[in-house]
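Here is the structure we will look at, set down as structure tokens.
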Amino acid sequence: MATAKLLVIVVALLATASSSCGAWEVNIRMPTAARAMEQAAARLLERAADDVAAPVIHALRPLVGSAGDLGRRGGVPCDSWRLAVEAYNKRDWRTVPASCEDYLGHYMLGGHYRRDSRVVVDEAVAYAEGLKLAGNGREVWVFDIDETSLSNLPYYAKHGFGTELYNSTSFKEYVLEGSAPVLPETQRLFRKLISLGIKPVFLTGRTEDQRAITVANLRRQGYSGWMNLLLKPVGFKASAVAYKSGERQKLQDAGYVIVGNIGDQWSDIIGAPEGARTFKLPDPMYYIG
Ligand SMILES: [Mg+2]
């Protein structure tokens with residue numbers, strides 16, 4: 001920037017000299033000063049050429065924020081960590097790295113999380129609209145609940161955005177408040193599917209004793225018209241993958257066609273039968289295997 005300013009000044013000086021008497025006359029009348037000025041201009045032009053030749057790949061300058069310096073300032077590359085989580089390269093982790101708390105807070109509460117969710121749902125809606133449906137009332141779409149249909153962000157915001165070890169007691173207390181807000185992008189998909197004649201089925205790791213409050217919470221947040229709400233029996237011991245794939249198998253055995261399946265955990269969407277197509281929503285705050 002300083003180089004460019006100097007260059008402008010020198011060029012302006014030369015232009016002034018040229019306009020008053022012409023470059024040639026300048027050389028004759030003020031040889032020393034003119035030569036010095038020309039040499040200075042040449043040096044600046046060389047430096048400017050060096051700047052252009054520097055390895056600038058793109059003029060884009062990353063903004064400070066959840067996609068920029070924040071992760072680096074956290075002491076670990078939190079954005080890379082989040083990508084590894086979402087891509088299922090990182091598994092069986094128990095807490096978010098402590099130094100990523102700020103990063104995740106900005107990601108979750110800023111616009112980034114919502115934007116990432118919107119992209120997923122846009123794809124899901126486009127896929128659903130493109131389906132050739134039988135229209136026989138047997139086509140269903142499986143929805144997870146936590147961090148898919150309802151958000152527990154109010155709870156996690158008070159507990160370090162996943163940097164604290166999961167506490168089942170305090171989390172259950174939060175669930176029993178029935179105050180989890182809607183995830184609006186998912187609700188958009190939910191309503192679109194109903195309009196297309198595809199029946200939503202909730203399949204959740206929440207337990208049967210949480211049915212009443214879960215129904216109340218869903219209704220309070222504007223969900224209605226689901227075909228079924230499948231909750232885990234109290235005390236049921238199995239991995240999330242085994243439990244959820246088993247429930248999907250039962251749906252299929254009952255003659256339903258699972259045209260789609262959406263969740264925030266990989267354990268929502270792996271394990272046959274997964275559904276004709278699966279969609280993974282972002283969730284960098286916790287892992288369920
Ligand atoms: Mg979930």
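Each chain of the structure tokens is named A, B, ... in the order shown, its residues numbered from 1; ligands are numbered from 1 in display order.
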Point to revise | Shell around A:Tyr155 at 9 Å using only C-alpha atoms, local window under 6 positions removed, as a ChimeraX atom specification | key: /A:161,171,174,180
Point to revise | Exercise answer, 12 Å around ligand 1 with only C-alpha atoms and all ligand atoms, as a count of residues only | key: 38
Review point. If you measure from atom CA of A:Gly255 to atom CA of A:Ile198, what distance in Å do you get, rounded to one decimal?
Key: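 Result for atom CA of A:Gly255 versus atom CA of A:Ile198: 14.1 Å, one decimal.
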Check your understanding: Which value, in Å to one decimal, gives the distance between atom CA of A:Leu251 and atom CA of A:Ser195?
Key ->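 Separating atom CA of A:Leu251 from atom CA of A:Ser195 is a distance of 21.3 Å.
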As a PDB file with N, CA and C atoms, in the first residue's frame, please: the residues near stretch 119-133 of chain A (cut-off 9 Å, only C-alpha atoms, same-chain neighbours under 4 positions excluded).
```
ATOM      1  N   ARG A 114     -26.612 -22.186  10.805  1.00  0.00           N
ATOM      2  CA  ARG A 114     -27.891 -22.097  10.098  1.00  0.00           C
ATOM      3  C   ARG A 114     -27.683 -22.255   8.590  1.00  0.00           C
ATOM      4  N   ARG A 115     -26.633 -21.614   8.088  1.00  0.00           N
ATOM      5  CA  ARG A 115     -26.364 -21.718   6.642  1.00  0.00           C
ATOM      6  C   ARG A 115     -26.041 -23.143   6.249  1.00  0.00           C
ATOM      7  N   GLU A 139     -45.055 -44.246   1.872  1.00  0.00           N
ATOM      8  CA  GLU A 139     -43.733 -43.609   1.737  1.00  0.00           C
ATOM      9  C   GLU A 139     -43.470 -42.717   2.946  1.00  0.00           C
ATOM     10  N   GLU A 185     -34.906 -24.931   9.614  1.00  0.00           N
ATOM     11  CA  GLU A 185     -34.662 -25.530   8.293  1.00  0.00           C
ATOM     12  C   GLU A 185     -35.274 -26.925   8.234  1.00  0.00           C
ATOM     13  N   THR A 186     -35.111 -27.692   9.302  1.00  0.00           N
ATOM     14  CA  THR A 186     -35.689 -29.039   9.331  1.00  0.00           C
ATOM     15  C   THR A 186     -37.208 -28.975   9.253  1.00  0.00           C
ATOM     16  N   ARG A 188     -38.916 -26.821   7.785  1.00  0.00           N
ATOM     17  CA  ARG A 188     -39.261 -26.521   6.373  1.00  0.00           C
ATOM     18  C   ARG A 188     -39.341 -27.826   5.579  1.00  0.00           C
ATOM     19  N   LEU A 189     -38.384 -28.691   5.785  1.00  0.00           N
ATOM     20  CA  LEU A 189     -38.398 -29.992   5.104  1.00  0.00           C
ATOM     21  C   LEU A 189     -39.603 -30.818   5.541  1.00  0.00           C
ATOM     22  N   LYS A 192     -42.694 -29.594   3.910  1.00  0.00           N
ATOM     23  CA  LYS A 192     -42.665 -29.875   2.462  1.00  0.00           C
ATOM     24  C   LYS A 192     -43.029 -31.329   2.202  1.00  0.00           C
ATOM     25  N   LEU A 193     -42.490 -32.234   3.015  1.00  0.00           N
ATOM     26  CA  LEU A 193     -42.757 -33.660   2.822  1.00  0.00           C
ATOM     27  C   LEU A 193     -44.241 -33.963   3.001  1.00  0.00           C
ATOM     28  N   LEU A 196     -46.111 -33.093   0.066  1.00  0.00           N
ATOM     29  CA  LEU A 196     -45.870 -34.026  -1.050  1.00  0.00           C
ATOM     30  C   LEU A 196     -46.520 -35.394  -0.820  1.00  0.00           C
ATOM     31  N   GLY A 197     -47.034 -35.598   0.387  1.00  0.00           N
ATOM     32  CA  GLY A 197     -47.665 -36.891   0.698  1.00  0.00           C
ATOM     33  C   GLY A 197     -46.711 -37.903   1.316  1.00  0.00           C
ATOM     34  N   ILE A 198     -45.524 -37.442   1.717  1.00  0.00           N
ATOM     35  CA  ILE A 198     -44.557 -38.326   2.392  1.00  0.00           C
ATOM     36  C   ILE A 198     -44.758 -38.168   3.897  1.00  0.00           C
ATOM     37  N   VAL A 259     -38.113 -43.317   2.088  1.00  0.00           N
ATOM     38  CA  VAL A 259     -37.556 -42.586   0.945  1.00  0.00           C
ATOM     39  C   VAL A 259     -36.440 -41.635   1.379  1.00  0.00           C
ATOM     40  N   GLY A 260     -36.417 -41.278   2.658  1.00  0.00           N
ATOM     41  CA  GLY A 260     -35.375 -40.378   3.128  1.00  0.00           C
ATOM     42  C   GLY A 260     -35.172 -40.510   4.623  1.00  0.00           C
ATOM     43  N   ILE A 262     -33.027 -38.277   7.852  1.00  0.00           N
ATOM     44  CA  ILE A 262     -32.181 -37.118   8.187  1.00  0.00           C
ATOM     45  C   ILE A 262     -31.856 -37.103   9.680  1.00  0.00           C
ATOM     46  N   ARG A 277     -32.275 -42.415   0.660  1.00  0.00           N
ATOM     47  CA  ARG A 277     -31.220 -41.397   0.673  1.00  0.00           C
ATOM     48  C   ARG A 277     -31.131 -40.800   2.074  1.00  0.00           C
ATOM     49  N   THR A 278     -29.912 -40.484   2.479  1.00  0.00           N
ATOM     50  CA  THR A 278     -29.715 -39.935   3.818  1.00  0.00           C
ATOM     51  C   THR A 278     -29.163 -38.510   3.744  1.00  0.00           C
ATOM     52  N   PHE A 279     -29.449 -37.753   4.791  1.00  0.00           N
ATOM     53  CA  PHE A 279     -28.969 -36.375   4.881  1.00  0.00           C
ATOM     54  C   PHE A 279     -28.403 -36.139   6.284  1.00  0.00           C
ATOM     55  N   LYS A 280     -27.212 -35.580   6.311  1.00  0.00           N
ATOM     56  CA  LYS A 280     -26.496 -35.341   7.569  1.00  0.00           C
ATOM     57  C   LYS A 280     -26.500 -33.850   7.881  1.00  0.00           C
ATOM     58  N   LEU A 281     -27.154 -33.497   8.978  1.00  0.00           N
ATOM     59  CA  LEU A 281     -27.121 -32.114   9.447  1.00  0.00           C
ATOM     60  C   LEU A 281     -25.864 -31.880  10.287  1.00  0.00           C
ATOM     61  N   PRO A 282     -25.415 -30.639  10.379  1.00  0.00           N
ATOM     62  CA  PRO A 282     -24.220 -30.381  11.175  1.00  0.00           C
ATOM     63  C   PRO A 282     -24.464 -30.555  12.676  1.00  0.00           C
TER      64      PRO A 282
END
```
Check your understanding: Between atom CA of A:Gln187 and atom CA of A:Gly222, what is the distance, to one decimal in Å?
Key ->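 Distance reported for this atom pair: 8.2 Å.
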Exercise for review: Among the residues of stretch 50-269 of chain A, find those DSSP assigns to helix (DSSP H, G or I) from the backbone and print them as an MDAnalysis selection string.
Suggested key: chainID A and resid 50:53 69:73 78:86 98:109 111:129 153:157 160:162 168:177 184:196 208:220 240:253 266:269
